[in-house]
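Engineer: Before I ask anything, let me first share the structure, which is written out below as structure tokens.
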There are 2 protein chains.
Amino acid sequence: MKGYLWGPSAATSVRTPQSGWESMAIDAVGNVIEFWGFKRNQGRVWALLYLRDTALTAAEIEKELDLSKGGVSMLIRDLERWGVVLRVRTPGDASWRYRAETDLLQMARRVIEEREFAFIARIRADLAEARKLAEADATVEREKVERLRKMEAVAEATERALNVFLKTSRLDVGGMFERFRA
Amino acid sequence: MKGYLWGPSAATSVRTPQSGWESMAIDAVGNVIEFWGFKRNQGRVWALLYLRDTALTAAEIEKELDLSKGGVSMLIRDLERWGVVLRVRTPGDASWRYRAETDLLQMARRVIEEREFAFIARIRADLAEARKLAEADATVEREKVERLRKMEAVAEATERALNVFLKTSRLDVGGMFERFRA
DNA sequence: CATGCAGTTCAAAACGCCTTGAACTATATG
DNA sequence: CATATAGTTCAAGGCGTTTTGAACTGCATG
């Protein structure tokens, strides 16, 4: 949304000229992954690698997606850490190349399982603690404690729903991406 | 987190002195609702009204939660629009008062149903469009089209999972808050 | 061991969202 | 209808997150 000023001039040798539909798909994946709570550009990098089905260099990624050098480095680091992008060394080549390894939903699920559950658990604990304090205080009416209990139920419901969400997406996509190179 | 400088001096008559557990619970609800993609303070305002089980004035809300006048106005407008807070006029009182009407999850579900589904649907459409364009282009390998198809499946799975998520939370909490005044 | 390029780091800039506060409008009351 | 108080609006400011770009590190090669 920014660097479209210096379009496909002559200086740079664009390998694959961003065929309209490709960037459309790449951006769409960026949006899905943003919906899942990650960075848009993490999704775009993965989508590029997945679609091309080739190991690209950081410089190529940088050029295709119009990102900065540092940005690509950090994005790839994240994707590697999550195991959705693999770093490979091509024989006669000095630089690393990167390729998409598995699907993004798998990663999203894993990370959400770690992050979000801890977050919700924390909230539940806070509500439980608040209720305990209220119960200990004799001046607090029974009605109020009841309300606190109901709010706890909301947090619990959220947690349960999140659980089902993750499980569903697993069943749904599971085995769909299991193998796609080779 | 800011205006604790002018504590409970003498000028203002604090009705209920923020009993520790109360603000703990209020903040917890703020966090849950933020998790659901809303503003933290929307959740806090609702939680205050719900816990107090009394119709409060904007000025009271402003003081209790340490918000600005304008902020309270906008937060209440949103909550009213979503039907979780009701505006009531007390007889001998010049100003409006506000009270919690139903639970927050209901609202979250409704809003998400409108907003997020549209968002995901848009993404799916983009991916479908990209695939169509790719299919029309004879130079595009079959393999690549297949990959586009798989990415579409991810968006579809997301939509389906979102659906289950909402349904689950409905069954889970539904009828728990149905009526609580009177 | 000097050179050059790939990759990393991180402070600063850009960006987006939320909140503030002052000006303004609406409403009730004497 | 004048005044006071409640409520709304919105530009400006604040704040957290993401991105940039320049300095730096590491590595391979001659």
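Starting from 1 in every chain, residues are counted up; chains themselves are A, B, ... following the order of the structure tokens, and ligands are numbered from 1 as listed.
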Identify, with DSSP run on backbone atoms, the residues in stretch 7-67 of chain A assigned to helix (DSSP H, G or I), and express the list as a PyMOL selection string.
Structural biologist: chain A and resi 21-35+40-52+58-65
Engineer: Keeping only N, CA and C atoms, take the residues you just selected and write them out as an mmCIF file, in the first residue's frame.
Structural biologist:
```cif
data_model
loop_
_atom_site.group_PDB
_atom_site.id
_atom_site.type_symbol
_atom_site.label_atom_id
_atom_site.label_comp_id
_atom_site.auth_asym_id
_atom_site.auth_seq_id
_atom_site.Cartn_x
_atom_site.Cartn_y
_atom_site.Cartn_z
ATOM 1 N N TRP A 21 -3.192 -12.089 -10.107
ATOM 2 C CA TRP A 21 -3.859 -13.073 -9.255
ATOM 3 C C TRP A 21 -2.924 -13.552 -8.152
ATOM 4 N N GLU A 22 -1.632 -13.532 -8.436
ATOM 5 C CA GLU A 22 -0.720 -14.004 -7.399
ATOM 6 C C GLU A 22 -0.713 -13.065 -6.198
ATOM 7 N N SER A 23 -0.562 -11.789 -6.467
ATOM 8 C CA SER A 23 -0.546 -10.861 -5.335
ATOM 9 C C SER A 23 -1.915 -10.796 -4.673
ATOM 10 N N MET A 24 -2.940 -11.049 -5.443
ATOM 11 C CA MET A 24 -4.277 -11.076 -4.843
ATOM 12 C C MET A 24 -4.366 -12.205 -3.824
ATOM 13 N N ALA A 25 -3.886 -13.370 -4.231
ATOM 14 C CA ALA A 25 -3.913 -14.518 -3.331
ATOM 15 C C ALA A 25 -3.002 -14.291 -2.129
ATOM 16 N N ILE A 26 -1.839 -13.736 -2.391
ATOM 17 C CA ILE A 26 -0.889 -13.482 -1.305
ATOM 18 C C ILE A 26 -1.478 -12.540 -0.272
ATOM 19 N N ASP A 27 -2.114 -11.489 -0.746
ATOM 20 C CA ASP A 27 -2.715 -10.543 0.190
ATOM 21 C C ASP A 27 -3.870 -11.170 0.943
ATOM 22 N N ALA A 28 -4.609 -12.030 0.267
ATOM 23 C CA ALA A 28 -5.730 -12.693 0.936
ATOM 24 C C ALA A 28 -5.216 -13.525 2.103
ATOM 25 N N VAL A 29 -4.155 -14.271 1.855
ATOM 26 C CA VAL A 29 -3.587 -15.066 2.941
ATOM 27 C C VAL A 29 -3.086 -14.152 4.056
ATOM 28 N N GLY A 30 -2.488 -13.029 3.676
ATOM 29 C CA GLY A 30 -2.062 -12.053 4.678
ATOM 30 C C GLY A 30 -3.228 -11.636 5.560
ATOM 31 N N ASN A 31 -4.378 -11.452 4.947
ATOM 32 C CA ASN A 31 -5.544 -11.036 5.717
ATOM 33 C C ASN A 31 -6.072 -12.134 6.626
ATOM 34 N N VAL A 32 -6.073 -13.366 6.117
ATOM 35 C CA VAL A 32 -6.539 -14.461 6.975
ATOM 36 C C VAL A 32 -5.659 -14.569 8.202
ATOM 37 N N ILE A 33 -4.377 -14.532 7.981
ATOM 38 C CA ILE A 33 -3.472 -14.750 9.104
ATOM 39 C C ILE A 33 -3.526 -13.580 10.072
ATOM 40 N N GLU A 34 -3.831 -12.411 9.566
ATOM 41 C CA GLU A 34 -3.993 -11.257 10.453
ATOM 42 C C GLU A 34 -5.230 -11.465 11.318
ATOM 43 N N PHE A 35 -6.251 -12.038 10.706
ATOM 44 C CA PHE A 35 -7.463 -12.367 11.438
ATOM 45 C C PHE A 35 -7.146 -13.303 12.597
ATOM 46 N N ARG A 40 0.220 -9.528 9.202
ATOM 47 C CA ARG A 40 -0.132 -9.622 7.794
ATOM 48 C C ARG A 40 1.029 -10.103 6.927
ATOM 49 N N ASN A 41 2.193 -9.512 7.148
ATOM 50 C CA ASN A 41 3.329 -9.842 6.297
ATOM 51 C C ASN A 41 3.916 -11.218 6.567
ATOM 52 N N GLN A 42 3.647 -11.753 7.727
ATOM 53 C CA GLN A 42 4.064 -13.132 7.960
ATOM 54 C C GLN A 42 3.269 -14.026 7.013
ATOM 55 N N GLY A 43 1.991 -13.747 6.907
ATOM 56 C CA GLY A 43 1.163 -14.527 5.998
ATOM 57 C C GLY A 43 1.563 -14.335 4.545
ATOM 58 N N ARG A 44 1.938 -13.108 4.197
ATOM 59 C CA ARG A 44 2.299 -12.844 2.803
ATOM 60 C C ARG A 44 3.583 -13.572 2.418
ATOM 61 N N VAL A 45 4.548 -13.564 3.313
ATOM 62 C CA VAL A 45 5.803 -14.265 3.016
ATOM 63 C C VAL A 45 5.526 -15.754 2.827
ATOM 64 N N TRP A 46 4.792 -16.311 3.763
ATOM 65 C CA TRP A 46 4.496 -17.737 3.649
ATOM 66 C C TRP A 46 3.769 -18.035 2.343
ATOM 67 N N ALA A 47 2.779 -17.228 2.017
ATOM 68 C CA ALA A 47 1.972 -17.459 0.815
ATOM 69 C C ALA A 47 2.828 -17.389 -0.442
ATOM 70 N N LEU A 48 3.742 -16.457 -0.471
ATOM 71 C CA LEU A 48 4.631 -16.349 -1.633
ATOM 72 C C LEU A 48 5.432 -17.631 -1.800
ATOM 73 N N LEU A 49 6.022 -18.080 -0.708
ATOM 74 C CA LEU A 49 6.846 -19.283 -0.767
ATOM 75 C C LEU A 49 5.998 -20.494 -1.120
ATOM 76 N N TYR A 50 4.809 -20.536 -0.578
ATOM 77 C CA TYR A 50 3.948 -21.682 -0.831
ATOM 78 C C TYR A 50 3.508 -21.732 -2.288
ATOM 79 N N LEU A 51 3.128 -20.595 -2.791
ATOM 80 C CA LEU A 51 2.638 -20.543 -4.171
ATOM 81 C C LEU A 51 3.742 -20.823 -5.179
ATOM 82 N N ARG A 52 4.876 -20.230 -4.967
ATOM 83 C CA ARG A 52 5.975 -20.431 -5.916
ATOM 84 C C ARG A 52 6.510 -21.852 -5.874
ATOM 85 N N ALA A 58 16.208 -14.364 0.544
ATOM 86 C CA ALA A 58 15.634 -13.233 1.269
ATOM 87 C C ALA A 58 15.499 -12.035 0.323
ATOM 88 N N ALA A 59 16.494 -11.859 -0.535
ATOM 89 C CA ALA A 59 16.474 -10.716 -1.451
ATOM 90 C C ALA A 59 15.282 -10.803 -2.393
ATOM 91 N N GLU A 60 14.979 -12.015 -2.837
ATOM 92 C CA GLU A 60 13.838 -12.185 -3.737
ATOM 93 C C GLU A 60 12.520 -11.867 -3.026
ATOM 94 N N ILE A 61 12.408 -12.370 -1.837
ATOM 95 C CA ILE A 61 11.204 -12.102 -1.047
ATOM 96 C C ILE A 61 11.053 -10.598 -0.853
ATOM 97 N N GLU A 62 12.140 -10.005 -0.512
ATOM 98 C CA GLU A 62 12.154 -8.561 -0.271
ATOM 99 C C GLU A 62 11.626 -7.815 -1.490
ATOM 100 N N LYS A 63 12.097 -8.224 -2.642
ATOM 101 C CA LYS A 63 11.702 -7.535 -3.866
ATOM 102 C C LYS A 63 10.253 -7.834 -4.228
ATOM 103 N N GLU A 64 9.868 -9.084 -4.183
ATOM 104 C CA GLU A 64 8.514 -9.469 -4.593
ATOM 105 C C GLU A 64 7.436 -8.827 -3.733
ATOM 106 N N LEU A 65 7.689 -8.766 -2.458
ATOM 107 C CA LEU A 65 6.643 -8.273 -1.552
ATOM 108 C C LEU A 65 6.878 -6.826 -1.134
#
```
Engineer: Can I get the residues of chain A within 12 Å of chain D, each with the closest pair of atoms and their distance in Å to one decimal, using only C-alpha atoms (C1' of nucleotides), sorted chain first then ascending number, as JSON lines?
Structural biologist:
```
{"residue": "A:Lys2", "atom": "CA", "partner": "D:DT19", "partner_atom": "C1'", "distance": 11.8}
{"residue": "A:Phe38", "atom": "CA", "partner": "D:DT18", "partner_atom": "C1'", "distance": 11.3}
{"residue": "A:Lys39", "atom": "CA", "partner": "D:DT18", "partner_atom": "C1'", "distance": 8.4}
{"residue": "A:Arg40", "atom": "CA", "partner": "D:DT18", "partner_atom": "C1'", "distance": 10.0}
{"residue": "A:Asn41", "atom": "CA", "partner": "D:DT18", "partner_atom": "C1'", "distance": 9.8}
{"residue": "A:Gln42", "atom": "CA", "partner": "D:DT18", "partner_atom": "C1'", "distance": 11.5}
{"residue": "A:Asp66", "atom": "CA", "partner": "D:DT19", "partner_atom": "C1'", "distance": 11.4}
{"residue": "A:Leu67", "atom": "CA", "partner": "D:DT19", "partner_atom": "C1'", "distance": 8.4}
{"residue": "A:Ser68", "atom": "CA", "partner": "D:DT20", "partner_atom": "C1'", "distance": 6.5}
{"residue": "A:Lys69", "atom": "CA", "partner": "D:DG21", "partner_atom": "C1'", "distance": 8.4}
{"residue": "A:Gly70", "atom": "CA", "partner": "D:DT20", "partner_atom": "C1'", "distance": 7.6}
{"residue": "A:Gly71", "atom": "CA", "partner": "D:DT19", "partner_atom": "C1'", "distance": 6.7}
{"residue": "A:Val72", "atom": "CA", "partner": "D:DT19", "partner_atom": "C1'", "distance": 10.2}
{"residue": "A:Ser73", "atom": "CA", "partner": "D:DT19", "partner_atom": "C1'", "distance": 11.9}
{"residue": "A:Met74", "atom": "CA", "partner": "D:DT19", "partner_atom": "C1'", "distance": 10.5}
{"residue": "A:Leu75", "atom": "CA", "partner": "D:DT19", "partner_atom": "C1'", "distance": 11.0}
{"residue": "A:Gly92", "atom": "CA", "partner": "D:DA28", "partner_atom": "C1'", "distance": 11.8}
{"residue": "A:Asp93", "atom": "CA", "partner": "D:DA28", "partner_atom": "C1'", "distance": 10.6}
{"residue": "A:Ala94", "atom": "CA", "partner": "D:DA28", "partner_atom": "C1'", "distance": 7.5}
{"residue": "A:Ser95", "atom": "CA", "partner": "D:DA28", "partner_atom": "C1'", "distance": 10.1}
{"residue": "A:Trp96", "atom": "CA", "partner": "D:DC27", "partner_atom": "C1'", "distance": 12.0}
```
Engineer: Tell me the residues of chain A close to chain B, meaning within 6 Å using only C-alpha atoms, as a list in words.
Structural biologist: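 Applying the cut-off to the listed atoms yields Trp21, Ala25, Ala28, Ile123, Leu127, Ala130, Ala157, Ala161, Phe165, Thr168, Ser169 and Asp172 of chain A.
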Engineer: Using only C-alpha atoms (C1' of nucleotides), which residues of chain C come within 7 Å of chain B, and what is the closest atom pair for each, with the distance in Å to one decimal? Give it as a Markdown table, sorted by chain and residue number.
Structural biologist:
```
| residue | atom | partner | partner_atom | distance |
| --- | --- | --- | --- | --- |
| C:DT19 | C1' | B:Gly71 | CA | 6.6 |
| C:DT20 | C1' | B:Ser68 | CA | 6.5 |
| C:DA28 | C1' | B:Ala94 | CA | 6.5 |
```
Engineer: Can you tell me which residues surround A:Glu101 at a distance of at most 8 Å, considering only C-alpha atoms (C1' of nucleotides), apart from same-chain residues fewer than 3 positions away, and format the answer as a PyMOL selection string?
Structural biologist: chain A and resi 50+83-86
Engineer: Please report the interatomic distance between atom C1' of C:DC10 and atom CA of A:Ala118 in Å with one decimal.
Structural biologist: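 Distance reported for this atom pair: 29.0 Å.
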Engineer: Let's see if you can do this: from backbone DSSP, list all strand (DSSP E) residues in chain B, as a list in words.
Structural biologist: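 So the strand (DSSP E) residues in chain B would be Val85, Leu86, Arg87, Val88, Arg89, Trp96, Arg97, Tyr98, Arg99 and Ala100 of chain B.
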Engineer: Can those selected residues be exported to a file as a CSV table (one decimal), in the first residue's frame so that it contains N, CA and C atoms?
Structural biologist:
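What follows is the written file out_31.csv:
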```csv
chain,number,residue,atom,x,y,z
B,85,VAL,N,-26.7,-2.1,27.1
B,85,VAL,CA,-26.9,-1.1,28.1
B,85,VAL,C,-28.1,-0.3,27.8
B,86,LEU,N,-28.9,0.0,28.8
B,86,LEU,CA,-30.1,0.7,28.6
B,86,LEU,C,-30.1,2.1,29.3
B,87,ARG,N,-30.7,3.1,28.6
B,87,ARG,CA,-30.7,4.4,29.1
B,87,ARG,C,-32.0,4.7,29.8
B,88,VAL,N,-32.0,5.0,31.0
B,88,VAL,CA,-33.2,5.3,31.8
B,88,VAL,C,-33.3,6.7,32.4
B,89,ARG,N,-34.5,7.2,32.4
B,89,ARG,CA,-34.6,8.5,33.0
B,89,ARG,C,-35.3,8.4,34.4
B,96,TRP,N,-29.5,11.4,32.6
B,96,TRP,CA,-29.8,10.0,32.3
B,96,TRP,C,-29.0,9.1,33.2
B,97,ARG,N,-29.5,7.9,33.3
B,97,ARG,CA,-28.8,6.9,34.0
B,97,ARG,C,-28.7,5.7,33.1
B,98,TYR,N,-27.7,4.9,33.3
B,98,TYR,CA,-27.5,3.7,32.5
B,98,TYR,C,-27.4,2.4,33.3
B,99,ARG,N,-27.9,1.4,32.7
B,99,ARG,CA,-27.8,0.1,33.4
B,99,ARG,C,-27.6,-1.0,32.4
B,100,ALA,N,-26.9,-2.1,33.0
B,100,ALA,CA,-26.6,-3.2,32.1
B,100,ALA,C,-27.9,-4.0,31.8
```
Engineer: Hey, can you check how far atom CA of B:Glu113 sits from atom CA of B:Trp82?
Structural biologist: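 For atom CA of B:Glu113 relative to atom CA of B:Trp82, the distance reads 12.8 Å.
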